[in-house]
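Structure file model.txt; described as compact mmCIF, C-alpha atoms.
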# COMPACT_ATOMS: atom_id res chain seq x y z
CA MET A 185 0.00 0.00 0.00
CA LEU A 186 1.20 3.53 -0.77
CA SER A 187 2.40 5.29 2.35
CA ARG A 188 0.18 8.32 1.69
CA THR A 189 -2.93 6.13 1.45
CA ALA A 190 -2.00 4.36 4.67
CA ASP A 191 -1.37 7.75 6.26
CA HIS A 192 -4.86 9.03 5.40
CA LEU A 193 -6.51 5.88 6.72
CA PHE A 194 -4.46 5.92 9.93
CA TRP A 195 -5.25 9.56 10.68
CA MET A 196 -8.88 9.28 9.62
CA ALA A 197 -9.32 6.69 12.37
CA ARG A 198 -7.25 8.64 14.90
CA TYR A 199 -9.25 11.83 14.40
CA ILE A 200 -12.66 10.19 14.79
CA GLU A 201 -11.43 8.39 17.92
CA ARG A 202 -9.94 11.65 19.25
CA ALA A 203 -13.24 13.45 18.76
CA GLU A 204 -15.01 10.71 20.72
CA ASN A 205 -12.54 10.78 23.56
CA THR A 206 -12.60 14.58 23.76
CA ALA A 207 -16.37 14.29 24.08
CA ARG A 208 -15.91 11.71 26.84
CA MET A 209 -13.52 13.95 28.81
CA LEU A 210 -15.80 16.96 28.46
CA ASP A 211 -18.82 14.92 29.49
CA VAL A 212 -17.03 13.80 32.67
CA ASN A 213 -16.27 17.39 33.61
CA VAL A 214 -19.80 18.56 32.83
CA MET A 215 -21.22 15.79 35.04
CA THR A 216 -18.80 16.38 37.92
CA SER A 217 -19.39 20.14 37.73
CA LEU A 218 -23.00 19.40 38.77
CA LEU A 219 -21.74 18.07 42.11
CA PRO A 220 -21.53 20.43 45.10
CA LEU A 221 -18.07 21.85 44.37
CA SER A 222 -16.41 25.08 45.34
CA THR A 223 -15.60 27.51 42.53
CA GLU A 224 -11.89 26.77 42.97
CA ALA A 225 -12.40 23.00 42.76
CA ALA A 226 -14.55 23.29 39.64
CA GLU A 227 -11.93 25.50 37.99
CA ARG A 228 -9.18 23.03 38.89
CA GLY A 229 -11.17 20.30 37.15
CA TRP A 230 -11.43 22.24 33.90
CA ARG A 231 -7.82 23.39 34.08
CA ALA A 232 -6.64 19.82 34.71
CA MET A 233 -8.44 18.64 31.59
CA LEU A 234 -6.78 21.36 29.51
CA GLY A 235 -3.42 20.50 31.03
CA ILE A 236 -3.63 16.76 30.45
CA SER A 237 -4.70 17.46 26.86
CA GLU A 238 -1.70 19.80 26.48
CA LEU A 239 -4.01 22.67 25.51
CA GLN A 240 -3.53 25.08 28.43
CA PRO A 241 -1.17 27.49 26.58
CA ALA A 242 -3.43 27.61 23.53
CA PHE A 243 -6.49 28.25 25.71
CA ASP A 244 -4.77 31.01 27.66
CA ALA A 245 -3.82 32.69 24.38
CA HIS A 246 -7.54 32.94 23.49
CA PHE A 247 -9.16 33.63 26.87
CA SER A 248 -8.12 35.89 29.74
CA SER A 249 -9.89 33.81 32.40
CA LEU A 250 -11.18 30.26 32.76
CA ALA A 251 -14.91 29.57 32.54
CA ALA A 252 -16.67 26.32 31.73
CA ARG A 253 -18.48 27.78 28.73
CA ASP A 254 -15.18 29.02 27.28
CA VAL A 255 -13.55 25.60 27.70
CA LEU A 256 -16.52 23.98 25.93
CA GLU A 257 -16.34 26.55 23.15
CA PHE A 258 -12.60 26.03 22.76
CA MET A 259 -12.65 22.23 22.81
CA VAL A 260 -15.80 21.70 20.78
CA ARG A 261 -16.16 24.28 18.04
CA ASP A 262 -13.00 26.40 17.86
CA PRO A 263 -11.62 26.08 14.30
CA ASP A 264 -8.21 27.31 15.47
CA ASN A 265 -7.84 24.47 17.99
CA ALA A 266 -6.66 21.46 16.00
CA SER A 267 -7.83 19.14 18.79
CA SER A 268 -11.38 20.50 18.98
CA ILE A 269 -14.22 18.16 18.09
CA TYR A 270 -15.01 20.40 15.12
CA CYS A 271 -11.49 20.15 13.71
CA CYS A 272 -11.17 16.42 14.44
CA LEU A 273 -14.38 15.52 12.63
CA GLN A 274 -13.46 17.83 9.77
CA ALA A 275 -10.00 16.23 9.51
CA ALA A 276 -11.48 12.71 9.67
CA ARG A 277 -13.81 13.59 6.79
CA GLU A 278 -11.03 15.16 4.72
CA ASN A 279 -8.76 12.15 5.20
CA ALA A 280 -11.64 9.87 4.22
CA ARG A 281 -12.31 11.96 1.12
CA ALA A 282 -8.65 11.71 0.08
CA VAL A 283 -8.88 7.89 -0.01
CA ARG A 284 -12.52 7.57 -0.97
CA GLY A 285 -11.68 4.91 -3.54
CA THR A 286 -10.12 2.72 -0.83
CA LEU A 287 -13.13 2.93 1.48
CA THR A 288 -16.52 1.34 1.02
CA THR A 289 -19.41 3.65 0.19
CA ASP A 290 -20.85 3.03 3.66
CA VAL A 291 -17.67 4.18 5.42
CA TRP A 292 -17.35 7.32 3.30
CA GLU A 293 -21.00 8.28 3.69
CA THR A 294 -20.78 7.79 7.46
CA HIS A 295 -17.87 10.25 7.76
CA ASN A 296 -19.45 12.72 5.36
CA ASP A 297 -22.83 12.61 7.11
CA THR A 298 -21.15 13.05 10.52
CA TRP A 299 -19.49 16.24 9.30
CA LEU A 300 -22.75 17.61 7.86
CA GLN A 301 -24.72 16.77 11.01
CA LEU A 302 -22.07 18.38 13.22
CA GLN A 303 -22.48 21.73 11.49
CA LYS A 304 -26.25 21.46 11.86
CA HIS A 305 -26.05 20.67 15.59
CA LEU A 306 -23.63 23.51 16.29
CA THR A 307 -25.73 25.99 14.30
CA GLN A 308 -28.93 24.96 16.07
CA GLY A 309 -27.35 25.25 19.53
CA LEU A 310 -27.45 21.62 20.70
CA LEU A 311 -24.21 22.08 22.67
CA GLU A 312 -25.57 25.02 24.64
CA ARG A 313 -29.02 23.45 25.09
CA ASP A 314 -27.91 19.97 26.18
CA PRO A 315 -24.14 19.29 26.32
CA HIS A 316 -24.65 15.67 27.41
CA GLU A 317 -26.85 14.94 24.39
CA PHE A 318 -24.29 16.53 22.07
CA PHE A 319 -21.45 14.45 23.53
CA GLU A 320 -23.56 11.29 23.27
CA TRP A 321 -24.12 12.09 19.59
CA VAL A 322 -20.35 12.43 19.02
CA LYS A 323 -19.75 9.08 20.71
CA PHE A 324 -22.52 7.42 18.70
CA ARG A 325 -21.09 8.67 15.40
CA SER A 326 -17.69 7.28 16.36
CA HIS A 327 -19.27 3.93 17.24
CA LEU A 328 -21.08 3.97 13.91
CA SER A 329 -17.87 4.69 12.03
CA ARG A 330 -16.07 1.74 13.63
CA GLY A 331 -19.02 -0.58 13.16
CA VAL A 332 -19.38 0.25 9.47
CA THR A 333 -15.63 -0.19 8.99
CA ILE A 334 -15.66 -3.65 10.59
CA GLY A 335 -18.88 -4.65 8.85
CA THR A 336 -18.13 -3.55 5.28
CA MET A 337 -14.38 -3.33 4.64
CA LEU A 338 -12.15 -6.08 3.32
CA LYS A 339 -9.69 -7.31 5.95
CA ASP A 340 -6.63 -6.04 4.09
CA GLU A 341 -3.93 -3.46 4.81
CA ALA A 342 -6.41 -0.58 4.54
CA PHE A 343 -8.49 -2.15 7.31
CA TYR A 344 -5.46 -2.85 9.52
CA PHE A 345 -4.05 0.69 9.25
CA THR A 346 -7.48 2.05 10.15
CA ARG A 347 -7.65 -0.16 13.23
CA LEU A 348 -4.07 0.68 14.16
CA GLY A 349 -4.94 4.37 14.24
CA THR A 350 -8.06 3.72 16.32
CA PHE A 351 -6.35 1.78 19.08
CA LEU A 352 -3.20 3.87 19.28
CA GLU A 353 -5.37 6.93 19.81
CA ARG A 354 -7.60 5.09 22.28
CA SER A 355 -4.68 3.98 24.43
CA ASP A 356 -3.46 7.58 24.62
CA ASN A 357 -6.84 9.01 25.47
CA THR A 358 -7.86 6.41 28.06
CA ALA A 359 -4.65 7.21 29.94
CA ARG A 360 -5.47 10.92 29.79
CA ILE A 361 -9.07 10.42 30.96
CA LEU A 362 -7.86 8.41 33.95
CA ASP A 363 -5.18 10.97 34.76
CA VAL A 364 -7.68 13.84 34.70
CA LYS A 365 -9.27 12.44 37.87
CA PHE A 366 -6.02 12.68 39.82
CA HIS A 367 -5.36 16.22 38.63
CA GLY A 368 -8.94 17.42 38.78
CA VAL A 369 -10.10 16.96 42.35
CA GLY A 370 -7.24 18.52 44.20
CA GLN A 371 -5.56 15.27 45.20
CA PRO A 372 -1.85 14.50 44.88
CA ALA A 373 -1.01 13.69 41.28
CA ASP A 374 1.14 10.70 42.15
CA SER A 375 -1.01 8.95 44.75
CA LEU A 376 -4.51 7.72 45.38
CA PRO A 377 -6.94 10.14 47.02
CA ALA A 378 -6.79 10.16 50.80
CA ILE A 379 -9.68 8.54 52.65
CA PRO A 380 -12.18 11.34 53.39
CA GLU A 381 -12.87 12.12 57.03
CA SER A 382 -16.41 13.40 56.77
CA ALA A 383 -19.50 11.24 56.34
CA GLU A 384 -20.54 13.00 53.15
CA GLU A 385 -17.27 13.00 51.22
CA PRO A 386 -17.17 9.23 50.47
CA TYR A 387 -20.41 9.65 48.51
CA LEU A 388 -18.96 12.60 46.64
CA ASP A 389 -15.87 10.58 45.79
CA PHE A 390 -18.10 7.75 44.55
CA TYR A 391 -19.77 10.08 42.07
CA TYR A 392 -16.39 11.28 40.80
CA TRP A 393 -15.23 7.74 40.10
CA ALA A 394 -18.60 6.69 38.70
CA ALA A 395 -18.33 9.59 36.25
CA VAL A 396 -14.87 8.41 35.18
CA LEU A 397 -16.19 4.87 34.63
CA ARG A 398 -19.16 6.11 32.63
CA SER A 399 -16.84 8.25 30.52
CA VAL A 400 -15.27 5.05 29.15
CA SER A 401 -18.51 3.03 29.12
CA ALA A 402 -17.24 0.94 32.03
CA PHE A 403 -19.69 1.48 34.89
CA GLU A 404 -21.78 -1.64 34.16
CA ILE A 405 -18.60 -3.62 33.47
CA TYR A 406 -17.19 -2.55 36.85
CA ARG A 407 -20.34 -3.78 38.60
CA LYS A 408 -20.16 -7.11 36.77
CA VAL A 409 -16.45 -7.66 37.50
CA TYR A 410 -16.17 -6.45 41.10
CA ARG A 411 -19.77 -6.51 42.43
CA ASP A 412 -18.77 -4.07 45.15
CA VAL A 413 -18.34 -0.41 45.99
CA VAL A 414 -16.41 1.72 43.51
CA THR A 415 -12.84 2.21 44.76
CA PRO A 416 -9.95 4.09 43.09
CA SER A 417 -7.61 1.09 43.00
CA ARG A 418 -10.18 -1.11 41.27
CA VAL A 419 -11.05 1.60 38.77
CA ALA A 420 -7.36 1.90 37.96
CA GLU A 421 -7.00 -1.87 37.64
CA LEU A 422 -10.00 -2.10 35.32
CA LEU A 423 -8.88 0.72 33.03
CA VAL A 424 -5.18 -0.22 32.99
CA LEU A 425 -4.69 -3.98 33.32
CA ARG A 426 -7.93 -5.73 32.35
CA GLY A 427 -7.54 -7.12 28.84
CA ASP A 428 -11.26 -7.94 28.67
CA MET A 429 -12.25 -4.30 29.27
CA PRO A 430 -12.63 -2.87 25.71
CA ARG A 431 -11.18 0.58 26.43
CA SER A 432 -8.45 -0.41 28.88
CA LEU A 433 -4.79 0.31 28.23
CA LEU A 434 -3.99 -3.40 27.91
CA ALA A 435 -6.86 -4.08 25.49
CA SER A 436 -5.84 -1.12 23.33
CA VAL A 437 -2.15 -2.06 23.26
CA ASN A 438 -3.12 -5.67 22.45
CA GLU A 439 -4.92 -4.39 19.36
CA VAL A 440 -1.99 -2.15 18.41
CA CYS A 441 0.33 -5.17 18.48
CA THR A 442 -2.11 -7.36 16.54
CA ASN A 443 -2.54 -4.84 13.76
CA LEU A 444 1.16 -4.00 13.66
CA GLU A 445 1.82 -7.69 13.01
CA GLN A 446 -0.54 -7.61 10.02
CA VAL A 447 1.25 -4.68 8.30
CA ARG A 448 4.85 -5.34 9.37
CA ASN A 449 7.63 -4.61 6.91
CA SER A 450 11.42 -4.88 6.79
CA GLN A 451 12.02 -1.80 8.98
CA SER A 452 9.27 -2.14 11.58
CA SER A 453 10.84 -4.79 13.84
CA GLU A 454 11.93 -2.27 16.48
CA THR A 455 8.47 -0.70 16.54
CA SER A 456 6.90 -4.14 17.01
CA ARG A 457 9.41 -4.95 19.76
CA ARG A 458 8.61 -1.79 21.71
CA ALA A 459 4.88 -2.34 21.34
CA GLY A 460 5.28 -5.95 22.50
CA LEU A 461 7.34 -4.88 25.50
CA LEU A 462 4.68 -2.39 26.53
CA ARG A 463 2.00 -5.06 26.15
CA ALA A 464 4.01 -7.54 28.27
CA GLU A 465 4.44 -5.00 31.07
CA LEU A 466 0.69 -4.39 31.14
CA GLN A 467 -0.22 -8.04 30.77
CA TYR A 468 1.96 -9.18 33.66
CA GLY A 469 1.81 -6.04 35.77
CA ARG A 470 0.05 -5.73 39.12
CA ILE A 471 -1.99 -2.74 40.15
CA GLU A 472 -0.36 -2.73 43.61
CA ASP A 473 3.07 -2.18 42.06
CA ILE A 474 1.75 0.57 39.80
CA LEU A 475 0.08 2.39 42.68
CA ASP A 476 3.20 2.07 44.84
CA THR A 477 5.17 3.80 42.09
CA GLY A 478 2.41 6.35 41.54
CA LEU A 479 -0.39 6.15 39.00
CA HIS A 480 0.37 9.58 37.56
CA VAL A 481 4.02 8.63 37.10
CA PHE A 482 2.97 5.41 35.39
CA LEU A 483 0.49 7.16 33.09
CA THR A 484 3.00 9.86 32.16
CA SER A 485 5.52 7.19 31.16
CA PHE A 486 2.81 5.29 29.26
CA LEU A 487 1.81 8.38 27.28
CA LYS A 488 5.44 9.03 26.39
CA ARG A 489 5.84 5.47 25.09
CA VAL A 490 2.60 5.64 23.10
CA GLY A 491 3.84 8.88 21.55
CA ASP A 492 7.08 7.13 20.64
CA LEU A 493 5.12 4.31 18.98
CA GLY A 494 3.17 6.86 16.96
CA GLN A 495 6.39 8.48 15.76
CA ARG A 496 7.86 5.11 14.83
CA ILE A 497 4.76 3.99 12.97
CA SER A 498 4.92 7.20 10.94
CA GLN A 499 8.59 6.56 10.11
CA ASP A 500 8.04 2.89 9.24
CA PHE A 501 4.84 3.06 7.22
CA LEU A 502 3.39 6.53 6.74
CA VAL A 503 4.18 10.03 5.57
CA PRO A 504 6.73 11.37 8.12
CA LEU A 505 5.14 13.76 10.60
CA ALA A 506 7.59 16.51 9.61
CA ALA A 507 6.27 16.33 6.06
CA ARG A 508 2.57 16.49 7.00

So, in terms of structure tokens, how does the structure I just supplied come out?
Amino acid sequence: MLSRTADHLFWMARYIERAENTARMLDVNVMTSLLPLSTEAAERGWRAMLGISELQPAFDAHFSSLAARDVLEFMVRDPDNASSIYCCLQAARENARAVRGTLTTDVWETHNDTWLQLQKHLTQGLLERDPHEFFEWVKFRSHLSRGVTIGTMLKDEAFYFTRLGTFLERSDNTARILDVKFHGVGQPADSLPAIPESAEEPYLDFYYWAAVLRSVSAFEIYRKVYRDVVTPSRVAELLVLRGDMPRSLLASVNEVCTNLEQVRNSQSSETSRRAGLLRAELQYGRIEDILDTGLHVFLTSFLKRVGDLGQRISQDFLVPLAAR
């Protein structure tokens, strides 16, 4: 396959997945902002999300102060923010258009219709009227895109590069969503939250963690697996080490390795080795050891290694990032 074709397919999938995960992060913050928080705590939550997304400097360049409506505006519809949902869905559609002949009609029409519906929803004020409904729509369109891809495309290199982009992006974003919790509620970034002293705070902490689980469609899964109260260590274990949890770090890295194997070439052995090493560390890791080291420290290292894999995949198969 031509590297430019593979590049478009890879980034088409990454952008649609990024839009979904941005919607998930924003939905978490919107839900937690409805809890009885102080103004300072609510602001820390929004600022943490900008920080973990590496968008704080860009936001500060546009806005003199931090308000929830400005963060939503910036991360949903700002055409100058390349990571906004608007720009991600536009980029996914443009990448799909560039390789329209490689995609099935169903896949192309799904991306095109998503882009057209997005403009309609933003014009008609769905975001302002009901943010949760808007974010659910973004997630549904991403689900639809993946389902149509699996259901209609030939299982060839085009399919595998699309899946590779999906799961590399998902592994990055699941780590960021999990890390937002530790930055967003005023707890130490490298440790689990302290046990609250008051009778009311445990319930508040439950709603925080329940929101995180729902943001990755894992609340029902948590109940099925643990059948007990929601605790930070179990949430971390589910989202990091459980290979049967669809959006966990291990499940995502498993898929990265599987799809890398399908498209390997003469210069990708080191990329495959590093991906396999990361998978082995997750597969045989223990949550106790990760928490002893510090979850934030672990997630920071994980994000760095995922970024390295992305760079290497571009060098091995795609159009080099410097040339994009």

Legend entry - Residues within 9 Å of A:Asp290, only C-alpha atoms, excluding chain neighbours under 3 positions, as an MDAnalysis selection string: chainID A and resid 287 293:295 332:333 336

Inset, instruction - Do a neighbour search on A:Phe501 at 6 Å with all atoms listed in the file, toss out local chain neighbours closer than 3 positions, and write the hits as a PyMOL selection string. - result: chain A and resi 187+497-498

Stretch 188-232 of chain A near stretch 312-315 of chain A within 12 Å: what's each residue's closest atom pair and its distance in Å to one decimal, counting only C-alpha atoms, ordered by chain then ascending residue number, as a tab-separated table?
residue	atom	partner	partner_atom	distance
A:Ala207	CA	A:Pro315	CA	9.5
A:Arg208	CA	A:Pro315	CA	11.2
A:Leu210	CA	A:Pro315	CA	8.9
A:Asp211	CA	A:Pro315	CA	7.6
A:Val212	CA	A:Pro315	CA	11.0
A:Asn213	CA	A:Pro315	CA	10.9
A:Val214	CA	A:Pro315	CA	7.9
A:Met215	CA	A:Pro315	CA	9.8

Residues from last step as file, C-alpha atoms, as a CSV table (one decimal), in the frame of the given file:
chain,number,residue,atom,x,y,z
A,207,ALA,CA,-16.4,14.3,24.1
A,208,ARG,CA,-15.9,11.7,26.8
A,210,LEU,CA,-15.8,17.0,28.5
A,211,ASP,CA,-18.8,14.9,29.5
A,212,VAL,CA,-17.0,13.8,32.7
A,213,ASN,CA,-16.3,17.4,33.6
A,214,VAL,CA,-19.8,18.6,32.8
A,215,MET,CA,-21.2,15.8,35.0

Inset, instruction - Point out the residue among A:Val447, A:Ala420, A:Leu310, A:Ile474 with the least atom-to-atom distance to A:Asp500, counting only C-alpha atoms. - result: A:Val447

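For the pair atom CA of A:Thr189 and atom CA of A:Glu341, the interatomic distance is 10.2 Å.
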
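Between atom CA of A:Glu465 and atom CA of A:Leu487 the separation is 14.2 Å.
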
Inset, instruction - Could you please determine the separation between atom CA of A:Asp254 and atom CA of A:Phe390 in Å, to one decimal place? - result: 27.6 Å

Do you know which residues are at most 8 Å from A:Ser268 counting all atoms listed in the file, after dropping those on the same chain fewer than 3 positions away, and could you put them as an mmCIF file with C-alpha atoms, in the frame of the given file?
data_model
loop_
_atom_site.group_PDB
_atom_site.id
_atom_site.type_symbol
_atom_site.label_atom_id
_atom_site.label_comp_id
_atom_site.auth_asym_id
_atom_site.auth_seq_id
_atom_site.Cartn_x
_atom_site.Cartn_y
_atom_site.Cartn_z
ATOM 1 C CA ALA A 203 -13.240 13.450 18.760
ATOM 2 C CA THR A 206 -12.600 14.580 23.760
ATOM 3 C CA PHE A 258 -12.600 26.030 22.760
ATOM 4 C CA MET A 259 -12.650 22.230 22.810
ATOM 5 C CA VAL A 260 -15.800 21.700 20.780
ATOM 6 C CA ARG A 261 -16.160 24.280 18.040
ATOM 7 C CA ASP A 262 -13.000 26.400 17.860
ATOM 8 C CA PRO A 263 -11.620 26.080 14.300
ATOM 9 C CA ASN A 265 -7.840 24.470 17.990
ATOM 10 C CA CYS A 271 -11.490 20.150 13.710
ATOM 11 C CA CYS A 272 -11.170 16.420 14.440
#

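Distance annotation: of A:His192, A:His305, A:Arg418, A:Arg198, the residue with the minimal separation from A:Glu353 is A:Arg198; atom set is all atoms listed in the file.
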
Legend entry - Close residues, A:Lys323 itself excluded, 10 Å, all atoms listed in the file, min 4 positions apart in chain, as number ranges by chain: A: 200-201, 203-208, 317-319, 327-329

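Using only C-alpha atoms, the smallest distance between any of A:Ala226, A:Leu462, A:Ile236, A:Leu218 and A:Leu250 comes from A:Ala226.
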
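Using all atoms listed in the file, the shortest contact distance between A:Asp340 and any of A:Thr484, A:Ala280, A:Ser249, A:Thr286 is found at A:Thr286.
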
Inset, instruction - For A:Arg426, work out the shell of residues within 10 Å, counting all atoms listed in the file and skipping chain neighbours fewer than 6 positions away, then give it as number ranges by chain. - result: A: 420, 432-435, 466-467

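Across A:Val291, A:Ala252, A:Ala342, A:Leu397, the tightest approach to A:Ser326 is made by A:Val291 when counting only C-alpha atoms.
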
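Nearest to A:Glu421 of all the residues A:Glu445, A:Glu472, A:Glu454, A:Glu278 is A:Glu472, based on only C-alpha atoms.
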